[in-house]
Amino acid sequence: MNLLSLELPLVAVAALSGALAVTSARRAAWIALALMATATTLLEFRPTESLPPALLLRLTAIYGAILYALPAGMLERRALAHDLQPRRLIATLTEHPVVAVSAAAGLILGAIPLALPIEGSSVLLRGAGVALLLIGLPPLLTSRYVEATARAAVVTLSGALLLRASILGALDLFSSIAMASGFAALLLIGAAVAGQLTKAEE
Amino acid sequence: MSEAQSLQVLSAIRALSPLLFALLSLLVIPLVRADRFGKKSDAHARGGRASVLLLLASSVAALLAGSGYSATLSAGLITIDPSEPGRLLVTLGGAVFALIVAVGQGRRAGAMGQVALFGLALIDLALAIPIGLAPIAILLVGSASLSALAAGKKEDAQRARAVFRDLRTVGVLLTVTVMAELLRSAIPLSATDPSYATTSSLTAGVAMTLSLVLLGMIGAFPFHHRLVRIFESLPIVGSLMVGVWIPTALSLIIFNELALLASSVSEPIGGAVVATLFITGTATIIFGGASALLHDDVGEVLGFLAVGNAGWLALGAAATILHPSAVGPLLIALPGALVISLFGLWRISIRRHYELTSLGDLSGWARRTQPIGVVLICAAASQVAVPVRQFFSGGFNIGDDSGSPLITAGALLGAGALAAAAIRLLLVGLAQESRRVHRAPPSNVLSPAAIWLMAGAILISGVAAGFINIEAAASGLLRPDPVESVPQNSTP
């Protein structure tokens, strides 16, 4: 599988789904998060002939945690089709112009050399990394909603790892295991705390 | 099985012994709670006793396994090389948490023992991994996970919010850690392309980001809210593990990284990092001490004492950058953790006996519960002894390092406030008995449990205050030989 030709579409998917993961609610947010995680993981590990174990581990951890965190009844077909209508997704993004502008600004900023030695680094990866950092960091610092904060943490961390990968390549095995468990922990703890807070407040 | 394979298995057991005991607890604790091992009503007590035994076994196993060559596991790309500080933390932590779980008992004693076992295993594992992103990530992720585990499934909004705060902190700090690693890895690259960032500016950037991770995790001012809420709402085992022991291990790792960084450049690290750490550390000590004096809730007072301890760690980070080869800053971490653990032991003893959390209601308790009084005397004595030793210890002389009389005066003032807050807790116990304390039954000072409690407290305080000098081992293998300084703009 040669992903080099798919880099631009994957970057676009990562930025768009990252923005939707922090702006949408319920189904659209979780689906967008899964898409963002897939796109960023493929960009980070760049599989060519076979899928590296670190990539599989990362995706398994994130998908597993998302499946656990999804509230009951979130995968009903009709409701999914309703929530994922392009018209609704575009409306969500237009309701949050700051996030959409942050994504665009991040992609442009990534093309600028910044202050790092970037010989050999990928402009597209850098752009996606900076975009995800700009999208995820504000809600991570300010959101009052637990699940939205957990999703924002995943988006921000994915952006940081993408930025790192644009210069230094993929993580070593140990760090990959630690980061995969980190992604899973963020989502699982978010889901558990959200459930407890809801019950306590009821 | 060949001899080589047997040796490999033995090395794996030695390298991973704390983790193996933690995993074993997942099997043993539910098993001993089963009906076939006794009455259903005693299941929680059996679980608690099993976790105490596992904690003690983990402590002894870590001591016996050691951190030598025979305890190093190499399998493919993975190398786990247990460090002396890691093994020391597990050895002492196992004994300390066993005592706390045994005194605390209660319905969740088994679960709390598991939190301690997994926390110590993560500390050991993080300190056993060579330099890189993984050790810090393991401790950050472990901290958030243990915080959620300690909170349990109780529908308590305050507890859930404390875990939420922890989740947000860890989410931010993981990202900052990745950025620190990115900047650090870029230092050698900067030599090839001087048109971008210079080696010194990247070094300052790494020092700044690592310091931010340290300050956020240890709960230094202005990140102290997380620490105070943890102590206020989580069970004491979870509070100590997430608020004190894991930050202690993290500070050892970051001190080491800062020392390596500072010794790899010829010029002092700029960017006002050192000044910021000195100011933050001093402000944290003063804030922690003053707040501990002003608050009445036992949990909050303990939280602020832990904040004061975080201030010393921040000053230690500044001293490490100034003197990369000095061992003084490394020696402050463990005694601080032990002192706060002693206060935690006191808190859980008081809570179990009186069911009180307000200091106002607790007056006179020391007259009726001498063993608990001994614990607090030990805690107060080591709280007074530790700041004085930290202030003037070798290679960590705040007065000389900071170069500012204001910092020196502030740190002394804060240390005094922390000591006063500890003594205040003692004086509350000696004041006239409150009505609720008067009604509580006096404890028997000669019971085996009370003797164990007093002996444990005296031992921990002896180590914390430096009368039993075992913390020197903590500076052993963690620190590599001092690296020769290299000229600026060359590969470190």
# chains A, B, ... in the order shown; residues from 1 in each chain; ligands from 1
$ residues_around --residues "Arg168 (chain B)" --least-positions-apart "5" --cutoff "9 Å" --atoms "only C-alpha atoms" --output "list in words"
Leu140, Leu141, Val146, Thr149, Ala150, Ala153 and Leu186 of chain A; Val163 and Leu173 of chain B
$ closest_atom_pairs --of "chain A" --to "chain B" --cutoff "7 Å" --atoms "only C-alpha atoms" --output "CSV"
residue,atom,partner,partner_atom,distance
A:Ala115,CA,B:Ala197,CA,5.3
A:Leu116,CA,B:Tyr196,CA,5.9
A:Pro117,CA,B:Tyr196,CA,5.7
A:Leu140,CA,B:Arg168,CA,6.6
A:Val146,CA,B:Phe164,CA,6.7
A:Thr149,CA,B:Arg168,CA,7.0
A:Ala153,CA,B:Gly171,CA,5.1
A:Thr156,CA,B:Thr175,CA,6.8
A:Leu157,CA,B:Thr175,CA,5.2
A:Ala160,CA,B:Thr175,CA,6.0
A:Leu161,CA,B:Val178,CA,6.7
A:Arg164,CA,B:Leu182,CA,5.6
A:Phe174,CA,B:Ala134,CA,6.1
A:Ser175,CA,B:Ala134,CA,4.4
A:Ala178,CA,B:Ile138,CA,5.7
A:Met179,CA,B:Ala137,CA,6.9
A:Gly182,CA,B:Val141,CA,5.4
A:Ala185,CA,B:Ser145,CA,6.5
A:Leu186,CA,B:Leu167,CA,6.8
A:Ile189,CA,B:Ala148,CA,6.5
A:Val193,CA,B:Ala160,CA,5.6
A:Gln196,CA,B:Glu155,CA,5.3
A:Leu197,CA,B:Ala157,CA,5.4
A:Lys199,CA,B:Glu155,CA,6.2
A:Ala200,CA,B:Glu155,CA,4.8
A:Glu201,CA,B:Ala157,CA,7.0
$ write_last_selection --atoms "C-alpha atoms" --output "PDB file, in the first residue's frame"
ATOM      1  CA  ALA A 115      11.918  27.781  14.106  1.00  0.00           C
ATOM      2  CA  LEU A 116      12.756  24.127  13.676  1.00  0.00           C
ATOM      3  CA  PRO A 117      15.288  22.497  11.393  1.00  0.00           C
ATOM      4  CA  LEU A 140      -8.854  20.892  25.944  1.00  0.00           C
ATOM      5  CA  VAL A 146     -15.834  15.742  30.041  1.00  0.00           C
ATOM      6  CA  THR A 149     -12.391  17.407  26.700  1.00  0.00           C
ATOM      7  CA  ALA A 153      -7.096  15.723  24.247  1.00  0.00           C
ATOM      8  CA  THR A 156      -4.282  17.643  20.386  1.00  0.00           C
ATOM      9  CA  LEU A 157      -2.033  14.693  21.160  1.00  0.00           C
ATOM     10  CA  ALA A 160       1.660  16.827  18.470  1.00  0.00           C
ATOM     11  CA  LEU A 161       2.635  13.308  17.388  1.00  0.00           C
ATOM     12  CA  ARG A 164       6.913  15.174  15.709  1.00  0.00           C
ATOM     13  CA  PHE A 174       8.095   1.497  23.754  1.00  0.00           C
ATOM     14  CA  SER A 175       6.849   5.030  23.199  1.00  0.00           C
ATOM     15  CA  ALA A 178       2.853   4.155  26.019  1.00  0.00           C
ATOM     16  CA  MET A 179       1.053   6.520  23.637  1.00  0.00           C
ATOM     17  CA  GLY A 182      -2.473   7.050  26.691  1.00  0.00           C
ATOM     18  CA  ALA A 185      -6.884   5.932  28.893  1.00  0.00           C
ATOM     19  CA  LEU A 186      -7.965   9.456  27.924  1.00  0.00           C
ATOM     20  CA  ILE A 189     -11.493   7.842  31.794  1.00  0.00           C
ATOM     21  CA  VAL A 193     -16.118  10.351  34.619  1.00  0.00           C
ATOM     22  CA  GLN A 196     -20.381   9.421  37.152  1.00  0.00           C
ATOM     23  CA  LEU A 197     -20.966  13.167  36.882  1.00  0.00           C
ATOM     24  CA  LYS A 199     -25.488  10.192  37.717  1.00  0.00           C
ATOM     25  CA  ALA A 200     -24.287  12.369  40.597  1.00  0.00           C
ATOM     26  CA  GLU A 201     -25.966  15.462  39.189  1.00  0.00           C
TER      27      GLU A 201
END
$ residues_around --residues "region 287-296 of chain B" --least-positions-apart "2" --cutoff "10 Å" --atoms "only C-alpha atoms" --output "PyMOL selection string"
chain B and resi 220-222+224+228+281-285+298-311+357-361+413-425
$ closest_residue --among "B:Val52, B:Ala385, B:Leu210, B:Ala121" --to "Ile253 (chain B)" --atoms "only C-alpha atoms"
B:Leu210
$ residues_around --residues "Pro71 (chain A)" --least-positions-apart "6" --cutoff "10 Å" --atoms "only C-alpha atoms" --output "PyMOL selection string"
chain A and resi 26-27+191+195
$ write_last_selection --atoms "N, CA and C atoms" --output "tab-separated table (two decimals), in the first residue's frame"
chain	number	residue	atom	x	y	z
A	26	ARG	N	-22.44	14.03	20.12
A	26	ARG	CA	-22.91	12.65	19.96
A	26	ARG	C	-22.23	11.91	18.81
A	27	ARG	N	-23.08	11.29	17.93
A	27	ARG	CA	-22.54	10.35	16.92
A	27	ARG	C	-21.48	10.99	16.03
A	191	ALA	N	-15.06	8.77	29.48
A	191	ALA	CA	-16.39	8.15	29.48
A	191	ALA	C	-16.84	7.81	30.90
A	195	GLY	N	-20.03	9.59	32.92
A	195	GLY	CA	-21.13	8.80	33.48
A	195	GLY	C	-21.35	9.08	34.96
$ residues_around --residues "Ser158 (chain A)" --least-positions-apart "2" --cutoff "8 Å" --atoms "only C-alpha atoms" --output "PyMOL selection string"
chain A and resi 37+40+129+132+154-156+160-162
$ residues_around --residues "Ile123 (chain B)" --least-positions-apart "4" --cutoff "7 Å" --atoms "only C-alpha atoms" --output "short mmCIF file (atom, residue, chain, number, x, y, z; two decimals) with C-alpha atoms, in the first residue's frame"
data_model
loop_
_atom_site.label_atom_id
_atom_site.label_comp_id
_atom_site.auth_asym_id
_atom_site.auth_seq_id
_atom_site.Cartn_x
_atom_site.Cartn_y
_atom_site.Cartn_z
CA GLY B 86 12.92 2.79 41.15
CA GLY B 119 1.29 2.65 41.00
CA LEU B 127 12.46 4.43 35.93
CA LEU B 139 3.77 8.05 34.55
CA ILE B 246 4.15 9.37 40.93
CA ALA B 249 9.26 9.47 40.29
#
$ closest_residue --among "A:Ser143, A:Ser24, A:Gln85, A:Thr41" --to "Ala170 (chain A)" --atoms "only C-alpha atoms"
A:Thr41
$ closest_residue --among "A:Glu49, A:Leu171, A:Trp30, A:Ile177" --to "Ala61 (chain A)" --atoms "only C-alpha atoms"
A:Ile177
$ closest_residue --among "B:Thr199, B:Ser251, B:Ser59, B:Ser349" --to "Ala95 (chain B)" --atoms "only C-alpha atoms"
B:Ser59
$ select_by_dssp --residues "region 212-423 of chain B" --states "helix (DSSP H, G or I)" --output "MDAnalysis selection string"
chainID B and resid 212:218 224:233 236:263 273:294 298:322 328:331 333:354 360:362 365:368 370:392 398:402 405:423
$ atom_distance --atom1 "CA of Gly373 (chain B)" --atom2 "CA of Gly238 (chain B)"
23.4 Å
$ atom_distance --atom1 "CA of Asn444 (chain B)" --atom2 "CA of Ala431 (chain B)"
20.5 Å
$ atom_distance --atom1 "CA of Leu8 (chain A)" --atom2 "CA of Leu124 (chain A)"
6.9 Å
$ closest_residue --among "A:Val130, A:Leu187, A:Leu55, A:Ala19" --to "Leu43 (chain A)" --atoms "only C-alpha atoms"
A:Leu55
$ closest_residue --among "B:Ile460, B:Ala34, B:Ala455, B:Ala207" --to "Gly336 (chain B)" --atoms "only C-alpha atoms"
B:Ile460
$ decode --residues "region 300-393 of chain B" --atoms "C-alpha atoms" --output "PDB file, in the first residue's frame"
ATOM      1  CA  GLU B 300      -7.125  20.344  52.304  1.00  0.00           C
ATOM      2  CA  VAL B 301      -4.368  20.848  54.896  1.00  0.00           C
ATOM      3  CA  LEU B 302      -2.631  17.716  53.634  1.00  0.00           C
ATOM      4  CA  GLY B 303      -3.084  18.909  50.050  1.00  0.00           C
ATOM      5  CA  PHE B 304      -1.386  22.198  50.887  1.00  0.00           C
ATOM      6  CA  LEU B 305       1.466  20.435  52.704  1.00  0.00           C
ATOM      7  CA  ALA B 306       1.938  18.438  49.491  1.00  0.00           C
ATOM      8  CA  VAL B 307       1.887  21.728  47.527  1.00  0.00           C
ATOM      9  CA  GLY B 308       4.682  23.019  49.789  1.00  0.00           C
ATOM     10  CA  ASN B 309       6.658  19.859  49.055  1.00  0.00           C
ATOM     11  CA  ALA B 310       6.119  20.516  45.324  1.00  0.00           C
ATOM     12  CA  GLY B 311       7.781  23.906  45.846  1.00  0.00           C
ATOM     13  CA  TRP B 312      10.950  22.159  47.044  1.00  0.00           C
ATOM     14  CA  LEU B 313      10.913  19.970  43.944  1.00  0.00           C
ATOM     15  CA  ALA B 314      10.652  23.082  41.724  1.00  0.00           C
ATOM     16  CA  LEU B 315      13.661  24.606  43.534  1.00  0.00           C
ATOM     17  CA  GLY B 316      15.439  21.267  43.046  1.00  0.00           C
ATOM     18  CA  ALA B 317      14.848  21.494  39.282  1.00  0.00           C
ATOM     19  CA  ALA B 318      16.413  24.992  39.236  1.00  0.00           C
ATOM     20  CA  ALA B 319      19.419  23.758  41.242  1.00  0.00           C
ATOM     21  CA  THR B 320      19.819  20.783  38.859  1.00  0.00           C
ATOM     22  CA  ILE B 321      20.062  23.096  35.853  1.00  0.00           C
ATOM     23  CA  LEU B 322      22.679  25.211  37.640  1.00  0.00           C
ATOM     24  CA  HIS B 323      24.722  22.257  38.947  1.00  0.00           C
ATOM     25  CA  PRO B 324      24.063  19.229  36.700  1.00  0.00           C
ATOM     26  CA  SER B 325      26.450  16.952  38.582  1.00  0.00           C
ATOM     27  CA  ALA B 326      25.169  17.737  42.094  1.00  0.00           C
ATOM     28  CA  VAL B 327      23.197  14.991  43.856  1.00  0.00           C
ATOM     29  CA  GLY B 328      21.499  17.264  46.404  1.00  0.00           C
ATOM     30  CA  PRO B 329      18.346  17.966  44.341  1.00  0.00           C
ATOM     31  CA  LEU B 330      17.859  14.234  43.702  1.00  0.00           C
ATOM     32  CA  LEU B 331      17.924  13.542  47.424  1.00  0.00           C
ATOM     33  CA  ILE B 332      14.999  15.832  48.254  1.00  0.00           C
ATOM     34  CA  ALA B 333      12.326  13.868  46.387  1.00  0.00           C
ATOM     35  CA  LEU B 334      12.039  10.716  48.471  1.00  0.00           C
ATOM     36  CA  PRO B 335      12.055  12.270  51.979  1.00  0.00           C
ATOM     37  CA  GLY B 336       9.296  14.645  50.887  1.00  0.00           C
ATOM     38  CA  ALA B 337       7.139  11.738  49.666  1.00  0.00           C
ATOM     39  CA  LEU B 338       7.692   9.884  52.934  1.00  0.00           C
ATOM     40  CA  VAL B 339       6.745  12.901  55.072  1.00  0.00           C
ATOM     41  CA  ILE B 340       3.477  13.453  53.200  1.00  0.00           C
ATOM     42  CA  SER B 341       2.777   9.699  53.423  1.00  0.00           C
ATOM     43  CA  LEU B 342       3.151   9.921  57.197  1.00  0.00           C
ATOM     44  CA  PHE B 343       0.571  12.697  57.256  1.00  0.00           C
ATOM     45  CA  GLY B 344      -1.614  10.472  55.091  1.00  0.00           C
ATOM     46  CA  LEU B 345      -1.221   7.663  57.620  1.00  0.00           C
ATOM     47  CA  TRP B 346      -2.233  10.066  60.368  1.00  0.00           C
ATOM     48  CA  ARG B 347      -5.254  11.226  58.377  1.00  0.00           C
ATOM     49  CA  ILE B 348      -6.526   7.725  57.735  1.00  0.00           C
ATOM     50  CA  SER B 349      -6.020   6.727  61.392  1.00  0.00           C
ATOM     51  CA  ILE B 350      -7.953   9.782  62.577  1.00  0.00           C
ATOM     52  CA  ARG B 351     -10.708   9.313  60.037  1.00  0.00           C
ATOM     53  CA  ARG B 352     -11.205   5.686  60.969  1.00  0.00           C
ATOM     54  CA  HIS B 353     -11.345   6.447  64.678  1.00  0.00           C
ATOM     55  CA  TYR B 354     -13.416   9.646  64.745  1.00  0.00           C
ATOM     56  CA  GLU B 355     -15.064   9.944  61.307  1.00  0.00           C
ATOM     57  CA  LEU B 356     -14.093  13.636  61.375  1.00  0.00           C
ATOM     58  CA  THR B 357     -12.517  15.805  58.697  1.00  0.00           C
ATOM     59  CA  SER B 358     -12.521  19.192  60.429  1.00  0.00           C
ATOM     60  CA  LEU B 359      -9.572  20.205  62.617  1.00  0.00           C
ATOM     61  CA  GLY B 360     -11.923  22.278  64.799  1.00  0.00           C
ATOM     62  CA  ASP B 361     -13.856  19.140  65.758  1.00  0.00           C
ATOM     63  CA  LEU B 362     -10.692  17.099  66.300  1.00  0.00           C
ATOM     64  CA  SER B 363      -9.226  19.017  69.240  1.00  0.00           C
ATOM     65  CA  GLY B 364      -7.869  16.831  72.014  1.00  0.00           C
ATOM     66  CA  TRP B 365      -7.636  13.611  69.985  1.00  0.00           C
ATOM     67  CA  ALA B 366      -3.985  12.998  70.912  1.00  0.00           C
ATOM     68  CA  ARG B 367      -4.902  12.504  74.577  1.00  0.00           C
ATOM     69  CA  ARG B 368      -7.192   9.589  73.745  1.00  0.00           C
ATOM     70  CA  THR B 369      -5.349   7.947  70.845  1.00  0.00           C
ATOM     71  CA  GLN B 370      -1.650   7.834  71.702  1.00  0.00           C
ATOM     72  CA  PRO B 371      -0.583   5.676  68.706  1.00  0.00           C
ATOM     73  CA  ILE B 372      -2.088   8.229  66.332  1.00  0.00           C
ATOM     74  CA  GLY B 373      -0.379  10.972  68.300  1.00  0.00           C
ATOM     75  CA  VAL B 374       2.976   9.205  67.836  1.00  0.00           C
ATOM     76  CA  VAL B 375       2.382   9.066  64.065  1.00  0.00           C
ATOM     77  CA  LEU B 376       1.777  12.808  63.944  1.00  0.00           C
ATOM     78  CA  ILE B 377       4.761  13.599  66.190  1.00  0.00           C
ATOM     79  CA  CYS B 378       6.902  11.606  63.725  1.00  0.00           C
ATOM     80  CA  ALA B 379       5.325  13.414  60.762  1.00  0.00           C
ATOM     81  CA  ALA B 380       5.805  16.854  62.340  1.00  0.00           C
ATOM     82  CA  ALA B 381       9.420  16.059  63.338  1.00  0.00           C
ATOM     83  CA  SER B 382      10.319  14.913  59.822  1.00  0.00           C
ATOM     84  CA  GLN B 383       8.440  17.855  58.259  1.00  0.00           C
ATOM     85  CA  VAL B 384      10.620  20.202  60.330  1.00  0.00           C
ATOM     86  CA  ALA B 385      13.819  18.235  59.673  1.00  0.00           C
ATOM     87  CA  VAL B 386      13.400  17.770  55.929  1.00  0.00           C
ATOM     88  CA  PRO B 387      13.119  21.451  54.867  1.00  0.00           C
ATOM     89  CA  VAL B 388      16.193  22.352  56.913  1.00  0.00           C
ATOM     90  CA  ARG B 389      18.220  19.539  55.316  1.00  0.00           C
ATOM     91  CA  GLN B 390      16.866  20.387  51.892  1.00  0.00           C
ATOM     92  CA  PHE B 391      17.816  24.010  52.327  1.00  0.00           C
ATOM     93  CA  PHE B 392      21.464  23.430  53.115  1.00  0.00           C
ATOM     94  CA  SER B 393      22.153  19.965  51.670  1.00  0.00           C
TER      95      SER B 393
END
